[in-house]
$ cat entry_37.cif   # mmCIF, C-alpha atoms
data_structure
loop_
_atom_site.label_atom_id
_atom_site.label_comp_id
_atom_site.auth_asym_id
_atom_site.auth_seq_id
_atom_site.Cartn_x
_atom_site.Cartn_y
_atom_site.Cartn_z
CA MET A 1 118.70 165.77 78.58
CA GLU A 2 120.47 169.09 78.85
CA LEU A 3 120.86 172.15 81.05
CA CYS A 4 120.21 175.60 79.63
CA PHE A 5 121.19 178.53 81.83
CA LEU A 6 118.84 181.51 81.76
CA GLY A 7 120.43 183.54 84.53
CA THR A 8 123.93 183.17 85.94
CA GLY A 9 124.52 186.30 88.02
CA ALA A 10 124.36 186.84 91.77
CA GLY A 11 122.10 189.24 93.62
CA LYS A 12 121.00 191.52 90.80
CA PRO A 13 120.92 191.46 87.01
CA SER A 14 123.67 192.94 84.89
CA LEU A 15 124.02 193.58 81.17
CA GLU A 16 125.87 190.26 80.81
CA ARG A 17 124.01 188.06 83.29
CA ASN A 18 120.42 187.83 84.49
CA VAL A 19 119.59 186.49 87.96
CA SER A 20 119.29 182.78 88.70
CA SER A 21 117.32 180.31 86.63
CA ILE A 22 118.16 177.03 84.91
CA VAL A 23 116.14 174.98 82.42
CA PHE A 24 116.43 171.21 82.84
CA ASN A 25 115.42 170.26 79.32
CA LEU A 26 113.69 166.88 79.05
CA SER A 27 112.11 167.34 75.64
CA GLU A 28 113.50 164.04 74.33
CA GLU A 29 112.72 162.07 77.48
CA ARG A 30 109.22 163.36 78.32
CA GLY A 31 108.38 166.28 76.01
CA THR A 32 108.64 168.85 78.80
CA TYR A 33 111.16 170.85 80.76
CA TRP A 34 111.69 171.71 84.41
CA LEU A 35 112.86 174.99 85.86
CA PHE A 36 115.27 175.41 88.74
CA ASP A 37 114.86 178.83 90.34
CA CYS A 38 112.97 181.70 88.80
CA GLY A 39 114.65 185.07 89.28
CA GLU A 40 113.20 188.30 87.94
CA GLY A 41 113.00 188.30 84.14
CA THR A 42 113.02 184.51 83.76
CA GLN A 43 110.00 184.50 81.44
CA HIS A 44 111.80 186.91 79.09
CA GLN A 45 114.84 184.62 79.09
CA LEU A 46 112.64 181.63 78.32
CA MET A 47 111.27 183.39 75.25
CA ARG A 48 114.76 184.29 74.05
CA ALA A 49 115.81 180.65 74.49
CA SER A 50 112.68 179.41 72.62
CA PHE A 51 111.12 177.51 75.52
CA ARG A 52 107.31 177.55 75.54
CA LEU A 53 105.66 178.11 78.91
CA SER A 54 103.00 175.56 78.00
CA ARG A 55 105.72 172.87 78.08
CA LEU A 56 106.83 173.75 81.61
CA GLU A 57 106.05 170.86 83.96
CA HIS A 58 107.75 171.47 87.33
CA ILE A 59 109.55 174.34 89.07
CA PHE A 60 112.07 173.63 91.82
CA LEU A 61 113.19 176.55 93.98
CA THR A 62 116.40 176.23 95.94
CA HIS A 63 115.54 179.06 98.36
CA LEU A 64 113.36 182.13 98.71
CA HIS A 65 115.77 185.00 98.13
CA GLY A 66 114.42 187.41 95.54
CA ASP A 67 117.08 186.79 92.89
CA HIS A 68 115.86 183.16 92.77
CA LEU A 69 112.13 183.81 93.24
CA PHE A 70 110.77 187.16 92.07
CA GLY A 71 110.11 186.03 88.50
CA LEU A 72 107.66 183.36 89.59
CA PRO A 73 104.34 185.28 89.91
CA GLY A 74 104.72 186.91 86.49
CA LEU A 75 105.68 183.63 84.86
CA MET A 76 102.68 181.86 86.36
CA SER A 77 100.33 184.61 85.18
CA SER A 78 101.73 184.58 81.65
CA ARG A 79 101.39 180.82 81.45
CA SER A 80 97.69 181.22 82.19
CA LEU A 81 97.29 183.49 79.15
CA LEU A 82 98.75 180.79 76.88
CA ASP A 83 95.89 178.35 77.47
CA ALA A 84 98.19 175.93 79.27
CA GLU A 85 96.15 173.01 80.59
CA HIS A 86 98.41 170.54 82.35
CA GLU A 87 99.21 170.95 86.01
CA LEU A 88 102.21 172.95 87.20
CA THR A 89 103.85 171.78 90.42
CA ILE A 90 106.14 174.16 92.30
CA PHE A 91 108.56 172.71 94.85
CA GLY A 92 110.37 174.88 97.36
CA PRO A 93 111.15 175.62 101.01
CA PRO A 94 108.48 176.38 103.62
CA GLY A 95 106.99 179.83 103.08
CA LEU A 96 106.64 179.41 99.32
CA GLY A 97 102.89 178.78 99.52
CA ARG A 98 102.30 181.83 101.68
CA PHE A 99 104.35 184.00 99.31
CA LEU A 100 102.39 182.92 96.24
CA ASP A 101 98.98 183.08 97.92
CA THR A 102 99.70 186.64 99.06
CA VAL A 103 101.05 187.92 95.74
CA LEU A 104 98.35 186.31 93.62
CA GLU A 105 95.56 187.44 95.94
CA ILE A 106 96.69 191.06 96.16
CA SER A 107 97.29 191.30 92.41
CA GLN A 108 94.02 189.44 91.70
CA ALA A 109 95.88 187.25 89.23
CA ARG A 110 93.79 184.57 87.57
CA ILE A 111 95.57 181.24 87.13
CA GLU A 112 93.33 179.17 84.89
CA TYR A 113 95.34 175.93 84.89
CA PRO A 114 95.72 173.57 87.88
CA TRP A 115 98.75 174.27 90.03
CA ARG A 116 100.00 173.25 93.45
CA VAL A 117 102.82 174.01 95.84
CA ARG A 118 104.80 171.29 97.58
CA GLU A 119 106.92 172.69 100.39
CA ILE A 120 109.94 170.48 100.83
CA GLY A 121 112.29 169.26 103.52
CA GLU A 122 115.26 166.95 103.31
CA GLY A 123 114.85 163.60 101.58
CA LEU A 124 112.64 162.45 98.73
CA VAL A 125 110.98 165.33 96.88
CA PHE A 126 109.61 163.70 93.74
CA GLU A 127 109.54 160.30 92.05
CA ASP A 128 107.94 158.84 88.96
CA GLU A 129 108.80 156.17 86.40
CA PHE A 130 111.55 158.38 84.95
CA CYS A 131 113.54 159.71 87.89
CA VAL A 132 113.97 160.38 91.60
CA VAL A 133 114.59 163.87 93.02
CA GLU A 134 116.09 164.24 96.49
CA ALA A 135 116.98 167.36 98.48
CA ARG A 136 119.42 168.29 101.23
CA LYS A 137 119.61 171.51 103.21
CA LEU A 138 122.80 173.46 102.58
CA GLU A 139 124.39 176.31 104.57
CA HIS A 140 123.04 179.71 103.64
CA ARG A 141 121.54 182.74 105.40
CA ILE A 142 118.06 181.29 104.94
CA ASP A 143 116.98 177.72 104.23
CA SER A 144 118.61 176.76 100.94
CA TYR A 145 118.47 173.34 99.32
CA GLY A 146 120.38 171.35 96.77
CA TYR A 147 118.60 168.92 94.46
CA ARG A 148 119.91 165.58 93.22
CA ILE A 149 118.07 164.31 90.14
CA ARG A 150 118.74 160.63 89.45
CA GLU A 151 117.47 159.13 86.22
CA LYS A 152 116.24 155.59 86.77
CA ASP A 153 118.17 152.78 85.16
CA ARG A 154 117.10 151.96 81.64
CA PRO A 155 116.49 148.37 80.43
CA GLY A 156 119.37 146.63 78.72
CA ARG A 157 119.32 145.46 75.11
CA LEU A 158 117.28 142.43 74.18
CA LEU A 159 119.42 139.46 73.10
CA ALA A 160 117.00 138.45 70.38
CA GLY A 161 119.41 135.91 68.90
CA LYS A 162 119.26 133.76 72.04
CA LEU A 163 115.48 133.71 71.88
CA LYS A 164 115.52 132.74 68.21
CA GLU A 165 117.88 129.89 69.01
CA LEU A 166 115.15 128.51 71.28
CA GLY A 167 112.67 128.72 68.41
CA ILE A 168 110.76 131.68 69.84
CA PRO A 169 109.66 134.03 67.05
CA PRO A 170 109.47 137.82 67.47
CA GLY A 171 106.31 138.85 69.27
CA PRO A 172 104.86 139.69 72.68
CA VAL A 173 107.38 137.50 74.52
CA TYR A 174 110.20 139.74 73.28
CA GLY A 175 108.52 142.86 74.64
CA THR A 176 107.80 141.27 78.02
CA ILE A 177 111.41 140.19 78.48
CA LYS A 178 112.67 143.55 77.28
CA ARG A 179 110.65 145.19 80.09
CA GLY A 180 112.51 143.04 82.60
CA GLU A 181 109.71 140.55 83.23
CA ASP A 182 110.09 136.77 83.19
CA VAL A 183 107.94 134.66 80.86
CA VAL A 184 106.42 131.21 81.43
CA LEU A 185 105.94 129.29 78.16
CA PRO A 186 102.96 126.93 77.63
CA ASP A 187 105.19 123.91 78.33
CA GLY A 188 106.18 125.37 81.71
CA THR A 189 109.62 126.61 80.66
CA VAL A 190 110.57 129.81 82.47
CA LEU A 191 112.50 132.42 80.51
CA ARG A 192 114.41 134.64 82.93
CA SER A 193 114.62 138.18 81.62
CA ARG A 194 118.16 138.68 82.94
CA GLU A 195 119.35 135.76 80.78
CA PHE A 196 118.09 137.34 77.56
CA THR A 197 119.02 140.98 78.08
CA THR A 198 122.19 142.91 78.73
CA PRO A 199 122.53 144.55 82.17
CA PRO A 200 120.44 147.70 82.79
CA VAL A 201 122.04 150.99 81.75
CA PRO A 202 122.63 153.17 84.82
CA GLY A 203 120.77 156.47 84.79
CA ARG A 204 122.41 159.87 84.81
CA VAL A 205 122.74 162.06 87.90
CA VAL A 206 122.45 165.85 87.82
CA VAL A 207 122.96 167.92 90.98
CA ILE A 208 121.84 171.56 91.22
CA LEU A 209 122.91 173.30 94.40
CA GLY A 210 121.38 176.46 95.82
CA ASP A 211 123.35 179.28 97.42
CA THR A 212 125.63 177.84 100.08
CA ARG A 213 128.85 177.98 101.98
CA TYR A 214 131.31 175.16 101.39
CA CYS A 215 129.76 172.27 103.35
CA PRO A 216 129.77 168.44 103.53
CA GLN A 217 126.11 168.29 102.46
CA SER A 218 127.13 169.53 99.01
CA VAL A 219 129.66 166.72 98.68
CA GLU A 220 127.11 164.12 99.73
CA LEU A 221 124.56 165.33 97.20
CA ALA A 222 127.14 165.49 94.42
CA ARG A 223 128.57 162.00 94.98
CA GLN A 224 129.44 160.41 91.59
CA ALA A 225 127.20 162.89 89.75
CA ASP A 226 127.52 163.37 86.01
CA VAL A 227 127.00 167.13 86.33
CA VAL A 228 127.21 169.38 89.39
CA VAL A 229 126.00 172.99 89.25
CA HIS A 230 127.59 175.01 92.05
CA GLU A 231 127.57 178.70 92.87
CA ALA A 232 130.84 180.67 92.57
CA THR A 233 129.92 184.06 93.96
CA PHE A 234 133.49 184.87 94.93
CA ASP A 235 137.00 184.38 93.57
CA GLU A 236 139.78 182.47 95.30
CA GLY A 237 141.26 184.49 98.14
CA LYS A 238 137.89 185.85 99.22
CA GLU A 239 136.97 182.90 101.44
CA HIS A 240 136.37 185.30 104.35
CA LEU A 241 133.74 187.18 102.33
CA ALA A 242 132.18 183.93 101.16
CA ARG A 243 131.79 182.73 104.72
CA LEU A 244 130.54 186.11 105.93
CA TYR A 245 127.83 186.27 103.26
CA HIS A 246 127.04 182.52 103.25
CA HIS A 247 128.37 181.88 99.76
CA SER A 248 131.21 179.96 98.09
CA THR A 249 134.30 180.64 96.04
CA ALA A 250 135.02 178.89 92.75
CA HIS A 251 137.92 177.20 94.50
CA GLN A 252 135.55 175.72 97.09
CA ALA A 253 133.14 174.56 94.39
CA ALA A 254 135.98 172.71 92.69
CA LEU A 255 136.86 171.02 95.98
CA VAL A 256 133.26 169.82 96.31
CA ALA A 257 133.32 168.30 92.82
CA ARG A 258 136.67 166.62 93.40
CA GLU A 259 135.71 165.19 96.79
CA ALA A 260 132.40 163.93 95.39
CA GLY A 261 134.00 162.14 92.43
CA ALA A 262 131.79 164.07 90.02
CA ARG A 263 132.32 164.12 86.30
CA THR A 264 131.65 167.76 85.36
CA LEU A 265 131.37 170.99 87.33
CA ILE A 266 129.48 174.03 86.07
CA LEU A 267 130.04 177.29 87.93
CA THR A 268 127.29 179.91 88.12
CA HIS A 269 125.99 182.77 90.33
CA PHE A 270 128.95 185.06 89.65
CA SER A 271 129.11 188.36 91.50
CA THR A 272 128.48 191.44 89.36
CA ARG A 273 131.93 192.68 90.40
CA TYR A 274 133.45 190.23 87.89
CA ARG A 275 133.81 191.04 84.21
CA PRO A 276 134.05 188.33 81.50
CA GLU A 277 137.85 188.32 81.63
CA ASP A 278 137.66 187.88 85.42
CA VAL A 279 135.40 184.85 85.02
CA GLU A 280 137.89 183.26 82.63
CA ARG A 281 140.59 183.65 85.26
CA ILE A 282 138.30 182.28 87.98
CA VAL A 283 137.51 179.18 85.94
CA ALA A 284 141.16 178.64 85.13
CA GLY A 285 141.93 178.64 88.85
CA ALA A 286 139.15 176.16 89.58
CA ARG A 287 140.46 173.84 86.85
CA GLU A 288 143.73 173.49 88.73
CA ILE A 289 141.69 171.59 91.33
CA PHE A 290 139.00 170.03 89.13
CA PRO A 291 139.93 170.04 85.41
CA ASP A 292 136.44 169.43 83.97
CA THR A 293 135.11 172.81 85.11
CA TYR A 294 133.08 175.25 83.00
CA ALA A 295 131.52 178.66 83.47
CA ALA A 296 127.80 179.00 82.89
CA GLU A 297 126.72 181.92 80.72
CA ASP A 298 123.20 183.09 79.97
CA PHE A 299 121.71 180.85 77.25
CA ARG A 300 124.64 178.43 77.23
CA ARG A 301 123.54 174.80 76.95
CA PHE A 302 125.25 171.76 78.43
CA PRO A 303 124.13 168.30 77.21
CA VAL A 304 124.20 165.53 79.82
CA PRO A 305 125.70 162.47 78.08
CA GLY A 306 124.22 159.05 78.81
CA ARG A 307 126.08 156.18 80.40
CA ARG A 308 127.22 153.03 78.63
CA GLU A 309 126.00 149.53 79.37
CA ASP A 310 129.14 148.87 81.43
CA GLY A 311 128.09 151.71 83.76
CA ASN A 312 130.84 154.05 82.67
CA ARG A 313 130.08 157.54 81.47
CA GLY A 314 129.76 158.16 77.75
CA ALA A 315 131.87 160.59 75.80
#

$ encode --input "entry_37.cif" --output "structure tokens"
Amino acid sequence: MELCFLGTGAGKPSLERNVSSIVFNLSEERGTYWLFDCGEGTQHQLMRASFRLSRLEHIFLTHLHGDHLFGLPGLMSSRSLLDAEHELTIFGPPGLGRFLDTVLEISQARIEYPWRVREIGEGLVFEDEFCVVEARKLEHRIDSYGYRIREKDRPGRLLAGKLKELGIPPGPVYGTIKRGEDVVLPDGTVLRSREFTTPPVPGRVVVILGDTRYCPQSVELARQADVVVHEATFDEGKEHLARLYHHSTAHQAALVAREAGARTLILTHFSTRYRPEDVERIVAGAREIFPDTYAAEDFRRFPVPGRREDGNRGA
């Protein structure tokens, strides 16, 4: 599990930073990847980062401003030319379906693979055997959401030695107990799974926030997260501009991470007014509040470490 940033600028592309898009890479876990936001040029960035469109499974849009959305119709059309077969699901705020229907109809684009739009509200957005995705509305000029992706707990290790001590040889019983299911032996003895496995390993939590002012909803979503991705459109001292334009400063993002008890903060969505040396200074200021803070850059990858059996975060 890792995050790969494809676009880390705010509003419009620059030579250093494209507009917003993040790959949530799940190649090891499920052989696919998800995309969070899809600004103009995202499909070019995917090619440069060596991600195949045929492996794209879900797209989650935080909001419908163009720098987070305008790359979507082109990406969908290109995916159709690659003989992609599995369904693509696109999650986003109300209005997303109307936008896509209009663009695809007027352009007469032919999408040959199955696809669907799921317009979201607050609460549960997606769940399967691997994870749960929840959303909360943030504070922006239009409806903007943050997503909390929680990996489901993984089974603990099988204590095979204890089973062998009972004279039970390796076989189907081991697999059943490993899956967390109890077993009844022919003589009526009940083997409780919890007695022959270590405790489940807690899943990881990744939080990706859309454009927003500093708000309590961000803290709630980010509670005890392993990684929080937060916009940093403005530098410290420009809180008045951040509030006026419904954005955040890096300082405010660091406060969110600290209040939430998060592990790592990644700043993105930097205004084009800031040069690379400015971003270094901005991050240094945020680290005074939340030390484990990093600046996203186009194509930079951030692995999400797993948790240990004791529930603590790995190195």

$ resolve_selection --input "entry_37.cif" --expression "the PyMOL selection byres ((chain A and resi 51) around 12)" --output "JSON, numbers by chain"
{"A": [4, 5, 6, 22, 23, 24, 25, 26, 27, 31, 32, 33, 34, 35, 42, 43, 44, 45, 46, 47, 48, 49, 50, 52, 53, 54, 55, 56, 57, 79, 299]}

$ write_last_selection --input "entry_37.cif" --atoms "C-alpha atoms" --output "PDB file, keeping the file's coordinate frame"
ATOM      1  CA  CYS A   4     120.210 175.600  79.630  1.00  0.00           C
ATOM      2  CA  PHE A   5     121.190 178.530  81.830  1.00  0.00           C
ATOM      3  CA  LEU A   6     118.840 181.510  81.760  1.00  0.00           C
ATOM      4  CA  ILE A  22     118.160 177.030  84.910  1.00  0.00           C
ATOM      5  CA  VAL A  23     116.140 174.980  82.420  1.00  0.00           C
ATOM      6  CA  PHE A  24     116.430 171.210  82.840  1.00  0.00           C
ATOM      7  CA  ASN A  25     115.420 170.260  79.320  1.00  0.00           C
ATOM      8  CA  LEU A  26     113.690 166.880  79.050  1.00  0.00           C
ATOM      9  CA  SER A  27     112.110 167.340  75.640  1.00  0.00           C
ATOM     10  CA  GLY A  31     108.380 166.280  76.010  1.00  0.00           C
ATOM     11  CA  THR A  32     108.640 168.850  78.800  1.00  0.00           C
ATOM     12  CA  TYR A  33     111.160 170.850  80.760  1.00  0.00           C
ATOM     13  CA  TRP A  34     111.690 171.710  84.410  1.00  0.00           C
ATOM     14  CA  LEU A  35     112.860 174.990  85.860  1.00  0.00           C
ATOM     15  CA  THR A  42     113.020 184.510  83.760  1.00  0.00           C
ATOM     16  CA  GLN A  43     110.000 184.500  81.440  1.00  0.00           C
ATOM     17  CA  HIS A  44     111.800 186.910  79.090  1.00  0.00           C
ATOM     18  CA  GLN A  45     114.840 184.620  79.090  1.00  0.00           C
ATOM     19  CA  LEU A  46     112.640 181.630  78.320  1.00  0.00           C
ATOM     20  CA  MET A  47     111.270 183.390  75.250  1.00  0.00           C
ATOM     21  CA  ARG A  48     114.760 184.290  74.050  1.00  0.00           C
ATOM     22  CA  ALA A  49     115.810 180.650  74.490  1.00  0.00           C
ATOM     23  CA  SER A  50     112.680 179.410  72.620  1.00  0.00           C
ATOM     24  CA  ARG A  52     107.310 177.550  75.540  1.00  0.00           C
ATOM     25  CA  LEU A  53     105.660 178.110  78.910  1.00  0.00           C
ATOM     26  CA  SER A  54     103.000 175.560  78.000  1.00  0.00           C
ATOM     27  CA  ARG A  55     105.720 172.870  78.080  1.00  0.00           C
ATOM     28  CA  LEU A  56     106.830 173.750  81.610  1.00  0.00           C
ATOM     29  CA  GLU A  57     106.050 170.860  83.960  1.00  0.00           C
ATOM     30  CA  ARG A  79     101.390 180.820  81.450  1.00  0.00           C
ATOM     31  CA  PHE A 299     121.710 180.850  77.250  1.00  0.00           C
TER      32      PHE A 299
END

$ resolve_selection --input "entry_37.cif" --expression "the PyMOL selection byres ((chain A and resi 231) around 8)" --output "PyMOL selection string"
chain A and resi 209-212+229-230+232-233+247-250+253+267-270

$ atom_distance --input "entry_37.cif" --atom1 "CA of Val206 in chain A" --atom2 "CA of Cys131 in chain A"
10.8 Å

$ residues_around --input "entry_37.cif" --residues "Val117 in chain A" --least-positions-apart "5" --cutoff "8 Å" --atoms "only C-alpha atoms" --output "mmCIF file with C-alpha atoms, keeping the file's coordinate frame"
data_model
loop_
_atom_site.group_PDB
_atom_site.id
_atom_site.type_symbol
_atom_site.label_atom_id
_atom_site.label_comp_id
_atom_site.auth_asym_id
_atom_site.auth_seq_id
_atom_site.Cartn_x
_atom_site.Cartn_y
_atom_site.Cartn_z
ATOM 1 C CA THR A 89 103.850 171.780 90.420
ATOM 2 C CA ILE A 90 106.140 174.160 92.300
ATOM 3 C CA PHE A 91 108.560 172.710 94.850
ATOM 4 C CA GLY A 92 110.370 174.880 97.360
ATOM 5 C CA LEU A 96 106.640 179.410 99.320
ATOM 6 C CA GLY A 97 102.890 178.780 99.520
#

$ closest_residue --input "entry_37.cif" --among "A:Phe126, A:Phe196, A:Phe60, A:Tyr245" --to "Leu163 in chain A" --atoms "only C-alpha atoms"
A:Phe196

$ closest_residue --input "entry_37.cif" --among "A:Lys137, A:Pro155, A:Ala295, A:Ile289" --to "Glu220 in chain A" --atoms "all atoms listed in the file"
A:Lys137

$ closest_residue --input "entry_37.cif" --among "A:His86, A:His68, A:Arg179, A:Arg243" --to "Gly156 in chain A" --atoms "all atoms listed in the file"
A:Arg179

$ atom_distance --input "entry_37.cif" --atom1 "CA of Arg141 in chain A" --atom2 "CA of Pro94 in chain A"
14.6 Å

$ atom_distance --input "entry_37.cif" --atom1 "CA of Pro216 in chain A" --atom2 "CA of Gly146 in chain A"
11.9 Å

$ closest_residue --input "entry_37.cif" --among "A:Glu122, A:Phe36, A:Pro170, A:Ser77" --to "Ser107 in chain A" --atoms "all atoms listed in the file"
A:Ser77

$ resolve_selection --input "entry_37.cif" --expression "the PyMOL selection byres ((chain A and resi 264) around 6)" --output "list in words"
Val227, Ala262, Arg263, Leu265 and Asp292 of chain A

$ residues_around --input "entry_37.cif" --residues "Thr293 in chain A" --least-positions-apart "3" --cutoff "7 Å" --atoms "only C-alpha atoms" --output "PDB file with C-alpha atoms, in the coordinates of the input"
ATOM      1  CA  THR A 264     131.650 167.760  85.360  1.00  0.00           C
ATOM      2  CA  LEU A 265     131.370 170.990  87.330  1.00  0.00           C
ATOM      3  CA  ILE A 266     129.480 174.030  86.070  1.00  0.00           C
ATOM      4  CA  VAL A 283     137.510 179.180  85.940  1.00  0.00           C
ATOM      5  CA  ALA A 286     139.150 176.160  89.580  1.00  0.00           C
ATOM      6  CA  ARG A 287     140.460 173.840  86.850  1.00  0.00           C
ATOM      7  CA  PHE A 290     139.000 170.030  89.130  1.00  0.00           C
TER       8      PHE A 290
END

$ closest_residue --input "entry_37.cif" --among "A:Gly121, A:Pro200, A:Pro276, A:Gly285" --to "Lys178 in chain A" --atoms "only C-alpha atoms"
A:Pro200

$ residues_around --input "entry_37.cif" --residues "Ala160 in chain A" --least-positions-apart "6" --cutoff "12 Å" --atoms "only C-alpha atoms" --output "ChimeraX atom specification"
/A:166-171,173-175,177-178,193,195-198

$ closest_residue --input "entry_37.cif" --among "A:Asp37, A:Asp226, A:Glu87, A:Glu239" --to "Pro305 in chain A" --atoms "only C-alpha atoms"
A:Asp226

$ residues_around --input "entry_37.cif" --residues "Tyr113 in chain A" --least-positions-apart "3" --cutoff "8 Å" --atoms "all atoms listed in the file" --output "PyMOL selection string"
chain A and resi 80+83-88

$ decode --input "entry_37.cif" --residues "range 187-208 of chain A" --atoms "C-alpha atoms" --output "PDB file, in the first residue's frame"
ATOM      1  CA  ASP A 187     -15.256 -36.330  19.538  1.00  0.00           C
ATOM      2  CA  GLY A 188     -17.149 -33.091  20.222  1.00  0.00           C
ATOM      3  CA  THR A 189     -14.146 -31.055  21.345  1.00  0.00           C
ATOM      4  CA  VAL A 190     -14.471 -27.409  20.339  1.00  0.00           C
ATOM      5  CA  LEU A 191     -11.312 -25.610  19.237  1.00  0.00           C
ATOM      6  CA  ARG A 192     -11.769 -21.870  19.732  1.00  0.00           C
ATOM      7  CA  SER A 193      -9.935 -19.934  17.052  1.00  0.00           C
ATOM      8  CA  ARG A 194      -8.912 -17.169  19.466  1.00  0.00           C
ATOM      9  CA  GLU A 195      -7.051 -19.738  21.599  1.00  0.00           C
ATOM     10  CA  PHE A 196      -4.869 -20.883  18.700  1.00  0.00           C
ATOM     11  CA  THR A 197      -4.086 -17.591  16.992  1.00  0.00           C
ATOM     12  CA  THR A 198      -2.461 -14.335  17.977  1.00  0.00           C
ATOM     13  CA  PRO A 199      -4.740 -11.257  18.128  1.00  0.00           C
ATOM     14  CA  PRO A 200      -5.812  -9.749  14.778  1.00  0.00           C
ATOM     15  CA  VAL A 201      -3.459  -7.168  13.283  1.00  0.00           C
ATOM     16  CA  PRO A 202      -5.190  -3.778  13.113  1.00  0.00           C
ATOM     17  CA  GLY A 203      -5.589  -2.381   9.610  1.00  0.00           C
ATOM     18  CA  ARG A 204      -4.046   0.837   8.388  1.00  0.00           C
ATOM     19  CA  VAL A 205      -5.935   4.110   8.045  1.00  0.00           C
ATOM     20  CA  VAL A 206      -5.318   6.611   5.239  1.00  0.00           C
ATOM     21  CA  VAL A 207      -7.186   9.929   5.122  1.00  0.00           C
ATOM     22  CA  ILE A 208      -7.324  12.064   1.964  1.00  0.00           C
TER      23      ILE A 208
END
